[in-house]
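Peer 1: File final39.cif follows (mmCIF, C-alpha atoms and all ligand atoms):
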data_target
#
loop_
_atom_site.label_atom_id
_atom_site.label_comp_id
_atom_site.auth_asym_id
_atom_site.auth_seq_id
_atom_site.Cartn_x
_atom_site.Cartn_y
_atom_site.Cartn_z
CA ALA A 1 63.28 -152.82 43.85
CA PRO A 2 63.36 -156.60 43.55
CA SER A 3 66.49 -158.38 44.61
CA ASN A 4 67.96 -161.83 44.83
CA ASP A 5 68.99 -162.60 48.38
CA TYR A 6 71.93 -164.76 49.39
CA GLN A 7 72.33 -165.67 53.04
CA ALA A 8 75.86 -165.39 54.39
CA GLU A 9 75.38 -168.57 56.41
CA ASP A 10 74.85 -170.45 53.12
CA ALA A 11 77.92 -168.96 51.42
CA THR A 12 81.50 -170.18 51.44
CA ILE A 13 83.14 -169.10 54.68
CA SER A 14 86.87 -168.90 55.31
CA GLN A 15 87.87 -168.11 58.88
CA GLY A 16 84.45 -167.49 60.37
CA VAL A 17 81.54 -169.24 62.03
CA VAL A 18 77.78 -169.20 61.65
CA GLU A 19 76.06 -167.85 64.75
CA SER A 20 72.54 -166.74 65.73
CA ASN A 21 73.03 -165.12 69.14
CA HIS A 22 72.33 -161.54 68.02
CA ALA A 23 68.72 -160.93 66.98
CA GLY A 24 67.58 -159.23 63.82
CA PHE A 25 69.33 -161.43 61.28
CA THR A 26 67.49 -162.86 58.28
CA GLY A 27 67.58 -166.51 57.37
CA THR A 28 68.92 -168.87 60.03
CA GLY A 29 71.88 -166.85 61.29
CA PHE A 30 74.82 -164.69 60.34
CA VAL A 31 78.54 -165.10 59.84
CA ASN A 32 80.88 -163.99 62.61
CA LEU A 33 84.16 -163.55 60.76
CA ASP A 34 87.35 -164.25 62.64
CA ASN A 35 89.11 -161.11 63.81
CA VAL A 36 92.02 -161.45 61.42
CA VAL A 37 93.07 -160.00 58.08
CA GLY A 38 91.86 -162.26 55.30
CA SER A 39 88.74 -163.80 56.82
CA TYR A 40 86.07 -163.85 54.13
CA VAL A 41 82.61 -164.82 52.91
CA GLU A 42 82.24 -165.72 49.24
CA PHE A 43 78.89 -165.65 47.48
CA THR A 44 77.88 -166.93 44.07
CA VAL A 45 75.52 -164.35 42.58
CA ASN A 46 73.48 -165.48 39.62
CA ALA A 47 72.31 -163.01 37.00
CA ALA A 48 69.89 -163.88 34.22
CA THR A 49 71.57 -161.40 31.91
CA ALA A 50 74.70 -159.27 32.03
CA GLY A 51 74.26 -155.77 33.38
CA ASN A 52 74.78 -153.34 36.20
CA ALA A 53 73.49 -154.31 39.62
CA THR A 54 73.71 -153.05 43.18
CA LEU A 55 75.05 -155.41 45.80
CA ALA A 56 73.84 -154.66 49.33
CA PHE A 57 75.67 -156.26 52.24
CA ARG A 58 73.60 -156.45 55.45
CA PHE A 59 75.83 -156.30 58.50
CA ALA A 60 76.16 -155.43 62.16
CA ASN A 61 79.17 -153.98 63.93
CA GLY A 62 78.65 -153.59 67.65
CA THR A 63 81.94 -151.84 68.17
CA THR A 64 82.81 -148.21 67.56
CA VAL A 65 85.64 -149.12 65.22
CA ASN A 66 85.22 -149.38 61.45
CA ARG A 67 85.68 -152.91 60.06
CA PRO A 68 86.58 -152.27 56.42
CA MET A 69 86.29 -155.00 53.83
CA ALA A 70 87.58 -155.58 50.32
CA ILE A 71 84.68 -156.50 48.04
CA ALA A 72 85.83 -158.46 44.99
CA VAL A 73 83.38 -159.01 42.14
CA ASN A 74 84.76 -161.53 39.67
CA GLY A 75 88.22 -160.53 40.90
CA THR A 76 87.84 -156.74 40.70
CA THR A 77 88.08 -155.20 44.16
CA VAL A 78 86.64 -152.11 45.79
CA ASN A 79 86.97 -151.22 49.47
CA ARG A 80 84.11 -150.31 51.74
CA ASP A 81 83.82 -149.13 55.34
CA PHE A 82 81.57 -151.11 57.68
CA PRO A 83 81.22 -148.65 60.55
CA GLY A 84 79.78 -149.29 63.97
CA THR A 85 76.00 -149.80 63.88
CA GLY A 86 75.53 -149.15 67.61
CA ALA A 87 74.86 -152.75 68.64
CA TRP A 88 75.39 -156.27 67.37
CA THR A 89 71.60 -156.48 67.01
CA THR A 90 71.41 -153.37 64.82
CA TRP A 91 71.77 -154.23 61.14
CA GLN A 92 72.50 -151.87 58.28
CA GLU A 93 73.46 -152.14 54.61
CA VAL A 94 76.52 -151.12 52.65
CA THR A 95 76.20 -151.09 48.87
CA VAL A 96 78.57 -151.70 45.99
CA PRO A 97 77.81 -151.23 42.30
CA ALA A 98 78.73 -154.26 40.22
CA ALA A 99 78.84 -155.08 36.54
CA LEU A 100 77.58 -158.65 36.57
CA ASN A 101 78.07 -161.28 33.91
CA ALA A 102 75.26 -163.50 32.76
CA GLY A 103 75.29 -166.61 34.91
CA ALA A 104 77.41 -167.10 38.00
CA ASN A 105 79.41 -164.25 39.52
CA THR A 106 81.86 -164.60 42.40
CA VAL A 107 81.52 -161.97 45.13
CA ARG A 108 83.97 -162.18 48.00
CA ALA A 109 83.99 -159.89 51.05
CA THR A 110 87.35 -160.03 52.85
CA SER A 111 88.40 -158.45 56.14
CA THR A 112 91.28 -156.04 55.67
CA THR A 113 92.22 -155.29 59.28
CA ALA A 114 93.15 -157.38 62.31
CA ASN A 115 89.72 -156.58 63.79
CA GLY A 116 88.20 -158.77 61.09
CA GLY A 117 84.94 -157.99 59.36
CA PRO A 118 81.56 -157.07 60.76
CA ASN A 119 78.97 -159.78 61.33
CA LEU A 120 77.51 -160.46 57.87
CA ASP A 121 73.87 -161.41 57.44
CA ARG A 122 73.04 -161.32 53.76
CA LEU A 123 73.92 -160.14 50.28
CA SER A 124 71.06 -158.72 48.21
CA ALA A 125 71.71 -158.30 44.49
CA SER A 126 69.34 -156.06 42.60
CA VAL A 127 67.63 -157.78 39.70
CA ILE A 128 68.97 -156.67 36.35
CA GLY A 129 66.25 -155.43 34.06
CA PRO A 130 66.30 -154.38 30.43
CA PRO A 131 68.32 -151.27 29.59
CA ASP A 132 66.46 -147.99 30.07
CA THR A 133 66.34 -147.44 26.33
CA GLU A 134 64.19 -150.53 25.94
CA LYS A 135 61.66 -149.49 28.58
CA PRO A 136 58.43 -147.96 27.34
CA THR A 137 57.92 -144.28 28.06
CA VAL A 138 54.77 -143.43 29.97
C1 LIG B 201 81.47 -160.22 70.02
C2 LIG B 201 80.16 -160.52 69.33
C3 LIG B 201 80.38 -161.25 68.02
C4 LIG B 201 81.35 -160.45 67.15
C5 LIG B 201 82.63 -160.22 67.93
C6 LIG B 201 83.64 -159.37 67.16
O1 LIG B 201 82.07 -161.42 70.43
O2 LIG B 201 79.33 -161.30 70.16
O3 LIG B 201 79.15 -161.45 67.32
O4 LIG B 201 81.61 -161.09 65.94
O5 LIG B 201 82.37 -159.54 69.15
O6 LIG B 201 84.15 -158.43 67.74
O7 LIG B 201 83.89 -159.65 65.99
#
Using structure tokens, write down the structure that the file contains.

Peer 2:
Amino acid sequence: APSNDYQAEDATISQGVVESNHAGFTGTGFVNLDNVVGSYVEFTVNAATAGNATLAFRFANGTTVNRPMAIAVNGTTVNRDFPGTGAWTTWQEVTVPAALNAGANTVRATSTTANGGPNLDRLSASVIGPPDTEKPTV
């Protein structure tokens, strides 16, 4: 499915640094969040129309310890696990459903433990299409 991609290194970063020392990232690097509660990356996700979308966070966690994050979409938060991926060069995705508004939406991923977050590469937001009821039947 088509998606709009937002690189973490281009987002607003609080308590983290952009790095590129672990291969497999997209764009020009990834965000290494500080290993503290509260470190975050905040994306502005643009939607042409209001509707339900899937947000996919691409990440790596080279430890064996989960690095959970709070994912806030326009201020409404859900929690997700970001488990070990086996290596810092092995990237996987965690998804969150989101009801997006037309225009700009604020999506913030915040570390909730003292281990901080995983390394974050990218947020992909599925493109919102017309409701199913408006799609032609084939
Ligand atoms: C290592 C790794 C970093 C990672 C960090 C961590 O230093 O190289 O990319 O962010 O561990 O544990 O968070």

Peer 1: What residues of the protein or nucleic acid chains come within 7 Å of ligand LIG 201 (chain B) when you use only C-alpha atoms and all ligand atoms? Reply as a ChimeraX atom specification.

Peer 2: /A:22,32-35,63,88,115-119

Peer 1: Find the residues near stretch 64-75 of chain A: any atom within 10 Å, counting all atoms listed in the file, skip ones fewer than 4 places away on the same chain, and give them as number ranges by chain.

Peer 2: A: 35, 37-45, 55, 57, 79-87, 96-101, 104-119

Peer 1: Please determine the residues with any atom at most 12 Å from (67.6, -154.8, 38.0) (coordinates as given in the file, with all atoms listed in the file counting) and report them as a list in words.

Peer 2: Ala1, Pro2, Ser3, Asn4, Ala47, Ala48, Thr49, Ala50, Gly51, Asn52, Ala53, Thr54, Leu55, Pro97, Ala98, Ala99, Leu100, Ser124, Ala125, Ser126, Val127, Ile128, Gly129, Pro130, Pro131 and Asp132 of chain A

Peer 1: Quick one: of A:Gln92, A:Thr77, A:Ser14, A:Thr26, who's nearest to A:Ala60, counting only C-alpha atoms?

Peer 2: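 Closest to A:Ala60, using only C-alpha atoms: A:Gln92.
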
Peer 1: Please compute the atom CA of A:Ala11-atom CA of A:Asp121 distance, one decimal, in Å.

Peer 2: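 Pair atom CA of A:Ala11 / atom CA of A:Asp121 returns 10.5 Å.
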
Peer 1: May I ask for the distance between atom CA of A:Val36 and atom CA of A:Ala23, given in Å to one decimal place?

Peer 2: 24.0 Å

Peer 1: Would you compute, for all listed atoms of stretch 3-19 of chain A, the axis-aligned bounding box grown by 4 Å on each side, and then report its centre and edge lengths in Å rounded to one decimal, as lines of an AutoDock Vina configuration file?

Peer 2:
center_x = 77.2
center_y = -164.4
center_z = 54.7
size_x = 29.4
size_y = 20.1
size_z = 28.1

Peer 1: Provide the atom CA of A:Val17 to atom CA of A:Gly29 distance in Å, to one decimal place.

Peer 2: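 Interatomic distance, atom CA of A:Val17 to atom CA of A:Gly29: 10.0 Å.
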
Peer 1: In terms of the shortest atom-to-atom distance over all atoms listed in the file, which of A:Arg58, A:Thr76, A:Ile13, A:Val18 is closest to A:Phe30?

Peer 2: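 Looking at the shortest contact to A:Phe30, the residue is A:Val18.
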
Peer 1: A:Asn21, A:Thr89, A:Thr95, A:Gln15: which is nearest A:Gly62, counting all atoms listed in the file?

Peer 2: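 Smallest separation from A:Gly62 among the options: A:Thr89.
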
Peer 1: With all atoms listed in the file as the atoms that count, which of A:Val78, A:Asn46, A:Ala56, A:Ala8 lies nearest to A:Val94?

Peer 2: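 Answer, going by the shortest atom-to-atom distance: A:Ala56.
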